[in-house]
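What follows is one structure encoded as structure tokens, with my remarks underneath.
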Amino acid sequence: MTVTVATADRITTVTIDRPAARNAVDPATAQALYDAFRAFEADEEADIAILTGAGGYFCAGFDLKSAASGAASDWIRSVNIPENWTDPVAQPIPGPMGPSRLMLSKPVIAAIEGPAVAGGMELAAWCDLRIMAQGATTGVFCRRWGVPLIDGGTVRLPRILGQGRATDLILTGRAVDADEALTLGFASRTCPQGEALTTAMAIARDLTRFPQGCLRADHLSARMAPQDLAAALRREWRSVLSFGAEGQAGAARFAAGKGRGGDFASL
């Protein structure tokens, strides 16, 4: 089991549990994450969710070893966006990383330790609040492997950071630590290393004390209209048609040990 789910006191905690792979998401994990958040949305006993990772890692992105080997090909084909997909609320569908195309009515908080990079950054951007511990790192690391953002990164990062700051991170793929992430507006709050989940849990408990109908109405109103989100994600997904061999070749370089840990010199 690569995803664990626990609900208590109206808070659901979803944990990616692949620490040996820095919680990189393979197809089975993506499906499990999607299922977990669909279940959270339907659970009348849960008001707030927390997404986190085991072993001191949030998520190192999509499992590029599975992409390099071709093992993920069926999954990527299965998450193709239909042209008639117009409403992520009424027509929930999975993204490559799992829940990235869902538009939930209830808030999700990311509790980030260690890397939240590439697709892991996109998962964090999908969440409504991001708590980053000191020592955590985020960034569009997939830039160095020729793999595009296809889980909402090009849609959500400009809305979170502003166009100029988002363009900087999207084009350069540079690493961003917790303090800079807070300054940029990516991190909602920072905390000492090892305390991201505790801090997120305290915020979640505060949110459960509010009248939930009003909270959810304002939460929905503050975001993109569902139809606009669907259109933007469809536009982003078209990039998958252009990266093809470049992305698979980059994934193979990663699998061979090139460019890991942010080392551009080894590419």
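Simple scheme: letters A, B, ... for chains in structure tokens order, numbers from 1 for residues in each chain, numbers from 1 for ligands in the order shown.
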Please report as JSON lines every residue of stretch 84-158 of chain A lying within 9 Å of stretch 39-61 of chain A, along with the nearest atom pair and their distance in Å (one decimal), using only C-alpha atoms.
{"residue": "A:Met97", "atom": "CA", "partner": "A:Gly61", "partner_atom": "CA", "distance": 7.9}
{"residue": "A:Leu104", "atom": "CA", "partner": "A:Glu41", "partner_atom": "CA", "distance": 6.4}
{"residue": "A:Ser105", "atom": "CA", "partner": "A:Glu41", "partner_atom": "CA", "distance": 7.1}
{"residue": "A:Lys106", "atom": "CA", "partner": "A:Ile48", "partner_atom": "CA", "distance": 6.1}
{"residue": "A:Pro107", "atom": "CA", "partner": "A:Ile48", "partner_atom": "CA", "distance": 5.4}
{"residue": "A:Val108", "atom": "CA", "partner": "A:Ala49", "partner_atom": "CA", "distance": 4.7}
{"residue": "A:Ile109", "atom": "CA", "partner": "A:Ile50", "partner_atom": "CA", "distance": 4.7}
{"residue": "A:Ala110", "atom": "CA", "partner": "A:Leu51", "partner_atom": "CA", "distance": 4.8}
{"residue": "A:Ala111", "atom": "CA", "partner": "A:Thr52", "partner_atom": "CA", "distance": 5.0}
{"residue": "A:Ile112", "atom": "CA", "partner": "A:Phe58", "partner_atom": "CA", "distance": 5.2}
{"residue": "A:Glu113", "atom": "CA", "partner": "A:Tyr57", "partner_atom": "CA", "distance": 5.3}
{"residue": "A:Gly114", "atom": "CA", "partner": "A:Tyr57", "partner_atom": "CA", "distance": 4.5}
{"residue": "A:Pro115", "atom": "CA", "partner": "A:Phe58", "partner_atom": "CA", "distance": 5.7}
{"residue": "A:Ala116", "atom": "CA", "partner": "A:Cys59", "partner_atom": "CA", "distance": 5.0}
{"residue": "A:Val117", "atom": "CA", "partner": "A:Ala60", "partner_atom": "CA", "distance": 5.2}
{"residue": "A:Ala118", "atom": "CA", "partner": "A:Gly61", "partner_atom": "CA", "distance": 4.9}
{"residue": "A:Gly119", "atom": "CA", "partner": "A:Gly61", "partner_atom": "CA", "distance": 3.9}
{"residue": "A:Gly120", "atom": "CA", "partner": "A:Gly61", "partner_atom": "CA", "distance": 4.3}
{"residue": "A:Met121", "atom": "CA", "partner": "A:Gly61", "partner_atom": "CA", "distance": 7.3}
{"residue": "A:Glu122", "atom": "CA", "partner": "A:Gly61", "partner_atom": "CA", "distance": 8.2}
{"residue": "A:Leu123", "atom": "CA", "partner": "A:Cys59", "partner_atom": "CA", "distance": 8.3}
{"residue": "A:Ala124", "atom": "CA", "partner": "A:Leu51", "partner_atom": "CA", "distance": 8.3}
{"residue": "A:Cys127", "atom": "CA", "partner": "A:Leu51", "partner_atom": "CA", "distance": 8.0}
{"residue": "A:Ala136", "atom": "CA", "partner": "A:Tyr57", "partner_atom": "CA", "distance": 8.3}
{"residue": "A:Phe141", "atom": "CA", "partner": "A:Gly61", "partner_atom": "CA", "distance": 8.7}
{"residue": "A:Cys142", "atom": "CA", "partner": "A:Gly61", "partner_atom": "CA", "distance": 8.2}
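All residues of protein, DNA or RNA that reach within 8 Å of A:Arg18, judged by only C-alpha atoms and not counting those fewer than 4 positions away in the chain, are Thr2, Arg22, Asn23, Ala24 and Ala54 of chain A.
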Given only C-alpha atoms as the basis, pick out the residue of A:Phe186, A:Met224, A:Ala200, A:Thr29 nearest to A:Gly162.
A:Phe186
With distances taken over only C-alpha atoms, the candidate from A:Ala8, A:Val140, A:Ile131, A:Val79 nearest A:Ala196 is A:Ile131
Using DSSP on the backbone coordinates, identify all residues within stretch 66-267 of chain A classified as strand (DSSP E or B); present the result as a PyMOL selection string.
chain A and resi 95+98+108-112+115-117+129-133+137-139+176-177+189-191
May I have the residues from that selection written out with all heavy atoms, as a short mmCIF file (atom, residue, chain, number, x, y, z; two decimals), in the first residue's frame?
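Listed below is the output, result.cif:
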data_model
loop_
_atom_site.label_atom_id
_atom_site.label_comp_id
_atom_site.auth_asym_id
_atom_site.auth_seq_id
_atom_site.Cartn_x
_atom_site.Cartn_y
_atom_site.Cartn_z
N GLY A 95 -5.86 12.94 -12.99
CA GLY A 95 -4.71 13.46 -13.73
C GLY A 95 -3.56 12.50 -13.59
O GLY A 95 -3.64 11.51 -12.85
N GLY A 98 -2.80 11.93 -10.15
CA GLY A 98 -3.94 11.46 -9.37
C GLY A 98 -5.05 12.48 -9.23
O GLY A 98 -5.92 12.58 -10.11
N VAL A 108 -8.09 21.47 1.21
CA VAL A 108 -6.98 20.53 1.36
C VAL A 108 -5.73 21.32 1.71
O VAL A 108 -5.42 22.33 1.06
CB VAL A 108 -6.75 19.71 0.08
CG1 VAL A 108 -5.60 18.72 0.29
CG2 VAL A 108 -8.01 18.98 -0.35
N ILE A 109 -5.01 20.86 2.72
CA ILE A 109 -3.78 21.52 3.18
C ILE A 109 -2.60 20.60 2.87
O ILE A 109 -2.63 19.40 3.20
CB ILE A 109 -3.82 21.78 4.70
CG1 ILE A 109 -5.04 22.63 5.06
CG2 ILE A 109 -2.53 22.46 5.16
CD1 ILE A 109 -5.27 22.75 6.56
N ALA A 110 -1.56 21.12 2.23
CA ALA A 110 -0.34 20.36 2.00
C ALA A 110 0.61 20.56 3.17
O ALA A 110 0.89 21.70 3.56
CB ALA A 110 0.33 20.81 0.71
N ALA A 111 1.09 19.47 3.76
CA ALA A 111 2.10 19.51 4.82
C ALA A 111 3.41 19.02 4.21
O ALA A 111 3.58 17.83 3.96
CB ALA A 111 1.68 18.63 5.99
N ILE A 112 4.33 19.96 3.96
CA ILE A 112 5.49 19.68 3.10
C ILE A 112 6.77 19.62 3.92
O ILE A 112 7.19 20.59 4.55
CB ILE A 112 5.63 20.77 2.03
CG1 ILE A 112 4.35 20.83 1.16
CG2 ILE A 112 6.86 20.52 1.15
CD1 ILE A 112 4.29 22.03 0.24
N PRO A 115 11.41 17.36 -0.39
CA PRO A 115 11.11 17.84 -1.74
C PRO A 115 9.62 17.85 -2.06
O PRO A 115 8.89 16.92 -1.75
CB PRO A 115 11.84 16.82 -2.63
CG PRO A 115 11.84 15.56 -1.81
CD PRO A 115 12.00 16.00 -0.39
N ALA A 116 9.19 18.93 -2.70
CA ALA A 116 7.88 19.01 -3.34
C ALA A 116 8.17 19.56 -4.73
O ALA A 116 7.99 20.75 -5.00
CB ALA A 116 6.94 19.93 -2.57
N VAL A 117 8.67 18.70 -5.59
CA VAL A 117 9.25 19.15 -6.84
C VAL A 117 8.56 18.49 -8.03
O VAL A 117 7.96 17.42 -7.91
CB VAL A 117 10.77 18.88 -6.88
CG1 VAL A 117 11.48 19.66 -5.77
CG2 VAL A 117 11.09 17.40 -6.76
N LEU A 129 -3.89 25.31 0.82
CA LEU A 129 -2.88 25.92 1.69
C LEU A 129 -1.65 25.03 1.66
O LEU A 129 -1.76 23.80 1.54
CB LEU A 129 -3.39 26.06 3.12
CG LEU A 129 -4.61 26.94 3.35
CD1 LEU A 129 -5.07 26.81 4.81
CD2 LEU A 129 -4.31 28.39 3.02
N ARG A 130 -0.47 25.65 1.81
CA ARG A 130 0.79 24.89 1.79
C ARG A 130 1.63 25.28 3.00
O ARG A 130 2.02 26.45 3.13
CB ARG A 130 1.55 25.19 0.48
CG ARG A 130 0.95 24.51 -0.74
CD ARG A 130 1.34 25.21 -2.03
NE ARG A 130 0.76 26.54 -2.11
CZ ARG A 130 -0.51 26.77 -2.48
NH1 ARG A 130 -1.30 25.77 -2.80
NH2 ARG A 130 -0.99 28.01 -2.51
N ILE A 131 1.88 24.32 3.87
CA ILE A 131 2.74 24.52 5.04
C ILE A 131 4.09 23.90 4.71
O ILE A 131 4.19 22.69 4.51
CB ILE A 131 2.15 23.85 6.29
CG1 ILE A 131 0.67 24.24 6.47
CG2 ILE A 131 2.98 24.23 7.52
CD1 ILE A 131 0.39 25.72 6.47
N MET A 132 5.14 24.72 4.63
CA MET A 132 6.46 24.23 4.28
C MET A 132 7.39 24.30 5.48
O MET A 132 7.55 25.35 6.09
CB MET A 132 7.07 25.04 3.12
CG MET A 132 6.52 24.67 1.76
SD MET A 132 7.39 25.52 0.40
CE MET A 132 8.98 24.66 0.42
N ALA A 133 7.99 23.17 5.81
CA ALA A 133 8.96 23.13 6.89
C ALA A 133 10.31 23.64 6.40
O ALA A 133 10.64 23.57 5.21
CB ALA A 133 9.11 21.70 7.39
N THR A 137 12.05 21.88 -0.08
CA THR A 137 12.42 22.50 -1.36
C THR A 137 11.30 22.27 -2.36
O THR A 137 10.71 21.19 -2.40
CB THR A 137 13.71 21.86 -1.93
OG1 THR A 137 14.76 21.99 -0.98
CG2 THR A 137 14.12 22.53 -3.23
N THR A 138 11.03 23.29 -3.16
CA THR A 138 10.09 23.13 -4.25
C THR A 138 10.73 23.65 -5.53
O THR A 138 11.75 24.32 -5.50
CB THR A 138 8.75 23.83 -3.94
OG1 THR A 138 7.75 23.41 -4.87
CG2 THR A 138 8.89 25.35 -3.97
N GLY A 139 10.13 23.31 -6.67
CA GLY A 139 10.67 23.76 -7.94
C GLY A 139 10.19 22.89 -9.08
O GLY A 139 9.78 21.75 -8.88
N VAL A 176 13.68 26.26 -4.90
CA VAL A 176 13.17 27.32 -4.03
C VAL A 176 13.04 26.75 -2.62
O VAL A 176 12.36 25.74 -2.42
CB VAL A 176 11.80 27.83 -4.53
CG1 VAL A 176 11.22 28.86 -3.56
CG2 VAL A 176 11.93 28.42 -5.93
N ASP A 177 13.69 27.38 -1.65
CA ASP A 177 13.59 26.90 -0.28
C ASP A 177 12.35 27.46 0.40
O ASP A 177 11.61 28.26 -0.18
CB ASP A 177 14.87 27.20 0.51
CG ASP A 177 15.14 28.69 0.71
OD1 ASP A 177 14.20 29.52 0.55
OD2 ASP A 177 16.28 29.04 1.03
N ARG A 189 2.50 29.23 4.98
CA ARG A 189 3.22 29.44 6.24
C ARG A 189 4.43 28.52 6.23
O ARG A 189 4.45 27.50 5.55
CB ARG A 189 2.34 29.11 7.45
CG ARG A 189 1.03 29.85 7.48
CD ARG A 189 0.24 29.58 8.74
NE ARG A 189 -1.15 30.03 8.59
CZ ARG A 189 -2.05 29.98 9.55
NH1 ARG A 189 -1.72 29.48 10.75
NH2 ARG A 189 -3.28 30.42 9.35
N THR A 190 5.44 28.87 7.04
CA THR A 190 6.57 27.99 7.25
C THR A 190 6.59 27.55 8.71
O THR A 190 5.90 28.13 9.56
CB THR A 190 7.91 28.67 6.89
OG1 THR A 190 8.06 29.85 7.71
CG2 THR A 190 7.93 29.06 5.43
N CYS A 191 7.38 26.54 8.98
CA CYS A 191 7.48 26.01 10.34
C CYS A 191 8.82 25.32 10.49
O CYS A 191 9.51 25.07 9.49
CB CYS A 191 6.33 25.03 10.62
SG CYS A 191 6.37 23.54 9.60
#
Every residue of stretch 3-189 of chain A that DSSP places in helix (DSSP H, G or I), as a ChimeraX atom specification:
/A:19-21,27-42,54-56,64-69,73-78,119-126,141-145,153-161,163-172,178-184
